[in-house]
$ cat protein14.cif   # mmCIF, C-alpha atoms and all ligand atoms
data_protein
#
loop_
_atom_site.label_atom_id
_atom_site.label_comp_id
_atom_site.auth_asym_id
_atom_site.auth_seq_id
_atom_site.Cartn_x
_atom_site.Cartn_y
_atom_site.Cartn_z
CA MET A 268 104.94 105.15 101.09
CA ASP A 269 103.47 104.64 97.63
CA LYS A 270 105.44 102.53 95.18
CA GLN A 271 105.30 105.33 92.58
CA ILE A 272 107.24 107.62 94.92
CA ILE A 273 109.84 104.90 95.47
CA ALA A 274 110.04 104.15 91.73
CA SER A 275 110.46 107.79 90.92
CA ALA A 276 113.40 108.18 93.36
CA PHE A 277 115.00 105.02 91.93
CA SER A 278 114.56 106.40 88.39
CA GLU A 279 115.80 109.86 89.23
CA PHE A 280 119.26 108.63 90.20
CA GLY A 281 119.45 105.66 87.84
CA THR A 282 119.74 102.73 90.24
CA ASP A 283 118.72 99.44 88.64
CA LYS A 284 116.35 98.79 91.56
CA GLY A 285 113.65 100.76 89.75
CA PRO A 286 111.59 100.66 86.55
CA ARG A 287 114.76 100.77 84.46
CA ARG A 288 115.40 97.17 85.42
CA HIS A 289 114.27 95.24 88.49
CA ASN A 290 111.09 96.99 89.60
CA TYR A 291 111.82 96.41 93.28
CA GLN A 292 109.62 99.38 94.26
CA GLN A 293 106.75 96.93 94.83
CA ALA A 294 108.77 94.93 97.35
CA TYR A 295 110.08 98.04 99.10
CA SER A 296 106.62 99.63 99.28
CA SER A 297 105.50 96.61 101.32
CA ILE A 298 107.82 97.62 104.14
CA PHE A 299 107.76 101.40 103.67
CA SER A 300 103.95 101.60 103.68
CA THR A 301 103.86 101.79 107.47
CA TRP A 302 107.50 102.25 108.41
CA SER A 303 110.38 104.61 107.67
CA PRO A 304 113.95 103.57 108.41
CA GLN A 305 116.04 105.90 110.55
CA SER A 306 119.24 104.23 109.41
CA ILE A 307 120.23 102.28 106.29
CA LEU A 308 123.41 100.43 105.36
CA GLU A 309 123.82 99.27 101.76
CA VAL A 310 126.48 96.77 100.70
CA GLY A 311 127.58 97.39 97.11
CA VAL A 312 127.04 101.00 96.10
CA LEU A 313 128.80 101.45 92.75
CA GLU A 314 128.54 105.21 92.12
CA GLY A 315 125.98 105.79 94.81
CA ALA A 316 122.74 105.92 92.77
CA SER A 317 120.83 103.90 95.34
CA LEU A 318 122.40 105.83 98.22
CA ALA A 319 121.11 109.04 96.60
CA ALA A 320 117.66 107.47 96.21
CA TRP A 321 117.59 106.44 99.90
CA LYS A 322 118.62 109.98 100.85
CA LYS A 323 115.80 111.44 98.76
CA LEU A 324 113.22 109.03 100.22
CA PHE A 325 114.44 109.32 103.83
CA PRO A 326 116.20 112.68 104.15
CA ASP A 327 116.59 112.42 107.93
CA ALA A 328 117.93 108.87 107.98
CA MET A 329 121.56 107.98 108.62
CA ILE A 330 122.76 106.36 105.38
CA HIS A 331 126.03 104.49 104.99
CA GLY A 332 127.52 102.28 102.27
CA ILE A 333 130.09 99.51 101.95
CA GLU A 334 132.00 99.09 98.70
CA HIS A 335 135.17 97.16 97.91
CA ARG A 336 135.89 99.10 94.70
CA PRO A 337 134.91 102.65 95.52
CA LYS A 338 134.32 105.11 92.71
CA PRO A 339 133.61 108.81 93.00
CA LEU A 340 130.01 109.07 94.14
CA ILE A 341 127.47 110.83 91.95
CA GLU A 342 126.85 114.36 93.11
CA ALA A 343 123.51 113.57 94.72
CA ALA A 344 125.16 110.95 96.94
CA THR A 345 128.15 112.93 98.08
CA GLY A 346 128.33 113.39 101.79
CA ILE A 347 127.19 109.81 102.41
CA PRO A 348 129.97 107.84 104.12
CA VAL A 349 131.10 104.75 102.21
CA PHE A 350 133.31 102.27 104.06
CA GLU A 351 135.92 100.78 101.77
CA GLY A 352 136.27 97.03 102.08
CA ASN A 353 134.79 93.64 101.39
CA SER A 354 131.59 92.55 103.12
CA THR A 355 132.92 88.99 103.41
CA ASP A 356 135.77 90.22 105.63
CA LYS A 357 134.47 89.86 109.19
CA THR A 358 137.31 91.90 110.72
CA PHE A 359 136.58 94.77 108.33
CA ILE A 360 132.85 94.60 109.07
CA ASP A 361 133.37 94.60 112.82
CA THR A 362 135.73 97.56 112.51
CA VAL A 363 133.51 99.83 110.40
CA VAL A 364 130.00 98.74 111.36
CA THR A 365 129.91 100.05 114.89
CA THR A 366 126.18 100.59 115.18
CA GLN A 367 122.97 98.74 114.33
CA TYR A 368 120.96 99.84 111.29
CA ASP A 369 117.19 99.65 110.89
CA MET A 370 117.67 98.18 107.43
CA ILE A 371 120.61 96.55 105.66
CA VAL A 372 120.49 96.00 101.89
CA ASP A 373 122.91 93.62 100.18
CA ASP A 374 123.26 94.67 96.54
CA GLY A 375 126.90 93.58 96.36
CA ASP A 376 128.23 90.34 94.95
CA HIS A 377 124.95 88.41 94.30
CA ARG A 378 126.56 84.96 94.33
CA PRO A 379 124.58 82.92 96.88
CA ASP A 380 127.47 81.83 99.11
CA VAL A 381 128.96 85.31 99.18
CA MET A 382 125.58 86.80 100.08
CA TRP A 383 125.21 84.28 102.88
CA LYS A 384 128.66 85.04 104.27
CA THR A 385 127.86 88.76 104.19
CA PHE A 386 124.57 88.08 105.99
CA LEU A 387 126.33 86.13 108.75
CA ASN A 388 128.92 88.91 109.14
CA LEU A 389 126.14 91.49 109.49
CA GLU A 390 123.64 89.38 111.39
CA ASP A 391 123.87 91.33 114.64
CA LYS A 392 124.04 94.73 112.91
CA TRP A 393 120.38 95.24 111.89
CA THR A 394 117.18 95.67 113.82
CA LYS A 395 114.18 95.48 111.45
CA HIS A 396 114.82 94.40 107.83
CA TYR A 397 117.62 92.68 105.95
CA VAL A 398 117.25 92.75 102.16
CA PHE A 399 118.94 90.39 99.71
CA GLU A 400 118.76 91.85 96.20
CA ASP A 401 119.20 89.90 92.98
CA VAL A 402 119.14 86.40 94.41
CA CYS A 403 119.36 84.48 91.17
CA VAL A 404 117.15 81.58 90.14
CA GLU A 405 114.41 79.98 92.18
CA GLU A 406 116.67 77.21 93.45
CA ASN A 407 118.96 79.69 95.21
CA GLU A 408 115.99 81.57 96.59
CA LYS A 409 114.81 78.27 98.11
CA ILE A 410 118.27 77.49 99.51
CA LEU A 411 118.39 80.95 101.06
CA ARG A 412 114.95 80.46 102.65
CA ARG A 413 116.05 77.09 104.04
CA ARG A 414 119.19 78.61 105.53
CA LEU A 415 117.20 81.47 107.02
CA ARG A 416 114.67 79.04 108.51
CA GLY A 417 117.56 77.08 109.96
CA ARG A 418 118.66 80.21 111.81
CA GLY A 419 115.16 80.85 113.11
CA TYR A 420 113.93 83.49 110.65
CA THR A 421 110.28 82.91 109.80
CA ASN A 422 109.27 86.33 108.49
CA VAL A 423 110.74 86.09 104.99
CA HIS A 424 109.12 87.43 101.80
CA ALA A 425 110.32 87.28 98.20
CA TRP A 426 109.36 89.04 94.98
CA THR A 427 110.64 88.38 91.46
CA SER A 428 112.28 91.05 89.42
CA SER A 429 109.73 91.54 86.65
CA PHE A 430 112.42 92.58 84.15
CA ASN A 431 114.00 89.18 84.45
CA ASP A 432 110.98 86.98 83.98
CA PRO A 433 112.54 84.17 81.92
CA LYS A 434 109.32 83.68 80.01
CA THR A 435 109.41 87.19 78.68
CA ASN A 436 112.95 88.43 78.90
CA LEU A 437 116.31 86.78 79.27
CA ARG A 438 118.42 89.89 78.97
CA GLY A 439 119.06 89.96 82.69
CA THR A 440 121.88 87.40 82.58
CA VAL A 441 124.97 88.79 84.29
CA GLN A 442 128.46 87.54 84.96
CA VAL A 443 130.18 87.96 88.32
CA LYS A 444 133.82 86.91 88.54
CA GLY A 445 133.44 84.35 85.78
CA GLU A 446 130.23 82.89 87.21
CA MET A 447 127.03 83.35 85.23
CA LEU A 448 123.99 84.43 87.17
CA TYR A 449 120.72 83.69 85.46
CA PRO A 450 117.32 85.26 85.78
CA PRO A 451 114.84 85.31 87.29
CA PHE A 452 116.24 87.44 90.09
CA TYR A 453 114.53 87.75 93.44
CA ILE A 454 114.49 90.30 96.18
CA VAL A 455 114.18 88.62 99.57
CA ILE A 456 113.22 90.67 102.62
CA VAL A 457 113.78 89.27 106.11
CA THR A 458 111.96 90.96 108.96
CA ARG A 459 112.66 90.70 112.69
C1 LIG B 501 124.97 96.09 91.47
S1 LIG B 501 126.30 97.14 91.94
C2 LIG B 501 125.54 98.17 93.14
C3 LIG B 501 124.52 99.09 92.60
C4 LIG B 501 123.99 100.09 93.60
N1 LIG B 501 123.51 99.47 94.81
C5 LIG B 501 122.85 100.84 92.98
O1 LIG B 501 121.70 100.39 93.08
O2 LIG B 501 123.12 101.88 92.37
C6 LIG B 501 127.28 96.06 92.92
C7 LIG B 501 128.43 96.73 93.62
O3 LIG B 501 128.83 95.88 94.69
C8 LIG B 501 130.23 95.90 94.83
N2 LIG B 501 130.60 94.66 95.54
C9 LIG B 501 130.50 93.40 95.07
N3 LIG B 501 130.85 92.51 96.01
C10 LIG B 501 131.15 93.22 97.12
C11 LIG B 501 131.58 92.85 98.42
N4 LIG B 501 131.72 91.57 98.77
N5 LIG B 501 131.82 93.83 99.32
C12 LIG B 501 131.66 95.13 98.97
N6 LIG B 501 131.26 95.54 97.75
C13 LIG B 501 130.99 94.59 96.83
C14 LIG B 501 130.73 96.01 93.38
O4 LIG B 501 132.05 96.54 93.31
C15 LIG B 501 129.67 96.94 92.76
O5 LIG B 501 130.07 98.29 92.84
#

$ encode --input "protein14.cif" --output "structure tokens"
Amino acid sequence: MDKQIIASAFSEFGTDKGPRRHNYQQAYSSIFSTWSPQSILEVGVLEGASLAAWKKLFPDAMIHGIEHRPKPLIEAATGIPVFEGNSTDKTFIDTVVTTQYDMIVDDGDHRPDVMWKTFLNLEDKWTKHYVFEDVCVEENEKILRRRLRGRGYTNVHAWTSSFNDPKTNLRGTVQVKGEMLYPPFYIVIVTR
């Protein structure tokens, strides 16, 4: 699938994955060029913009979300089940995630240790790709790679979010629960 098609779906529903902010269409086109997921689980869905984009790109796929502070979903995402709870809660995950997904995307908390805990909770729940979005600063991207290598994952690719190139734009700084996350942000895709 061409990256313009992906970018246009991201733009249509306003997720920050697209040209509005992170430009992750390049990274996603690398896996969608020869493969279409039949099932997607996304952690962290806000109002469902990315869920709606996934639905537009893969209309026949089973799409589910996880969100600990659910809001009413935008109209285009209604009908997509969202499990209410925290991805770091293993009991919750094992209760609601009762199947394996072709692709899991973590666009939830973004703090490295929380992302890692979520990954471990979901480790046996995906078959093809696990995506970490908005891994902040190169050092954390390296730590993540080291941890993944330690668990035997060798097929790991990362792209920078072009919006947050520190040389050109520092506006991407965000705060999560009192902790500042600094650009550049990375998207890291693990493949089995
Ligand atoms: C960046 S927003 C998601 C944006 C959405 N994926 C999109 O592209 O439109 C992050 C969301 O993750 C949720 N979140 C953060 N940590 C979480 C966790 N540990 N478990 C579940 N949801 C979480 C937040 O409440 C927030 O709605």

$ closest_residue --input "protein14.cif" --among "A:Glu351, A:Asp327, A:Asp374, A:Glu279" --to "Phe386 in chain A" --atoms "all atoms listed in the file"
A:Asp374

$ residues_near_ligand --input "protein14.cif" --ligand "ligand LIG 501 (chain B)" --cutoff "7 Å" --atoms "only C-alpha atoms and all ligand atoms" --output "list in words"
Gly281, Thr282, Asp283, Lys284, Glu309, Val310, Gly311, Val312, Leu313, Glu314, Gly315, Ala316, Ser317, Ile333, Glu334, His335, Arg336, Gly352, Asn353, Ser354, Thr355, Asp374, Gly375, Asp376 and Val381 of chain A

$ atom_distance --input "protein14.cif" --atom1 "CA of Ala319 in chain A" --atom2 "CA of Gly346 in chain A"
9.9 Å

$ closest_atom_pairs --input "protein14.cif" --of "range 305-397 of chain A" --to "range 413-424 of chain A" --cutoff "12 Å" --atoms "only C-alpha atoms" --output "CSV"
residue,atom,partner,partner_atom,distance
A:Pro379,CA,A:Arg414,CA,11.1
A:Asp380,CA,A:Arg414,CA,11.0
A:Met382,CA,A:Arg414,CA,11.7
A:Trp383,CA,A:Arg414,CA,8.7
A:Lys384,CA,A:Arg414,CA,11.5
A:Phe386,CA,A:Leu415,CA,10.0
A:Leu387,CA,A:Arg418,CA,10.2
A:Glu390,CA,A:Arg418,CA,10.4
A:Lys395,CA,A:Asn422,CA,10.8
A:His396,CA,A:Val423,CA,9.7
A:Tyr397,CA,A:Val423,CA,9.6

$ atom_distance --input "protein14.cif" --atom1 "CA of Thr366 in chain A" --atom2 "CA of Pro326 in chain A"
19.2 Å

$ closest_residue --input "protein14.cif" --among "A:Trp393, A:Phe359, A:Leu308, A:Tyr453" --to "Ile347 in chain A" --atoms "all atoms listed in the file"
A:Leu308

$ atom_distance --input "protein14.cif" --atom1 "CA of Lys409 in chain A" --atom2 "CA of Ser428 in chain A"
15.7 Å

$ decode --input "protein14.cif" --residues "range 298-316 of chain A" --atoms "C-alpha atoms" --output "short mmCIF file (atom, residue, chain, number, x, y, z; two decimals), in the first residue's frame"
data_model
loop_
_atom_site.label_atom_id
_atom_site.label_comp_id
_atom_site.auth_asym_id
_atom_site.auth_seq_id
_atom_site.Cartn_x
_atom_site.Cartn_y
_atom_site.Cartn_z
CA ILE A 298 4.95 -3.29 6.24
CA PHE A 299 1.73 -2.65 4.31
CA SER A 300 3.44 -2.76 0.90
CA THR A 301 3.13 -6.53 0.74
CA TRP A 302 0.88 -7.36 3.68
CA SER A 303 -2.55 -6.44 5.01
CA PRO A 304 -3.46 -7.14 8.62
CA GLN A 305 -6.61 -9.11 9.30
CA SER A 306 -6.69 -7.96 12.90
CA ILE A 307 -5.33 -4.90 14.71
CA LEU A 308 -5.25 -3.96 18.39
CA GLU A 309 -4.27 -0.41 19.31
CA VAL A 310 -3.37 0.62 22.86
CA GLY A 311 -4.27 4.26 23.50
CA VAL A 312 -7.09 5.41 21.24
CA LEU A 313 -8.18 8.83 22.54
CA GLU A 314 -11.29 9.60 20.44
CA GLY A 315 -10.65 6.87 17.94
CA ALA A 316 -9.06 8.82 15.06
#
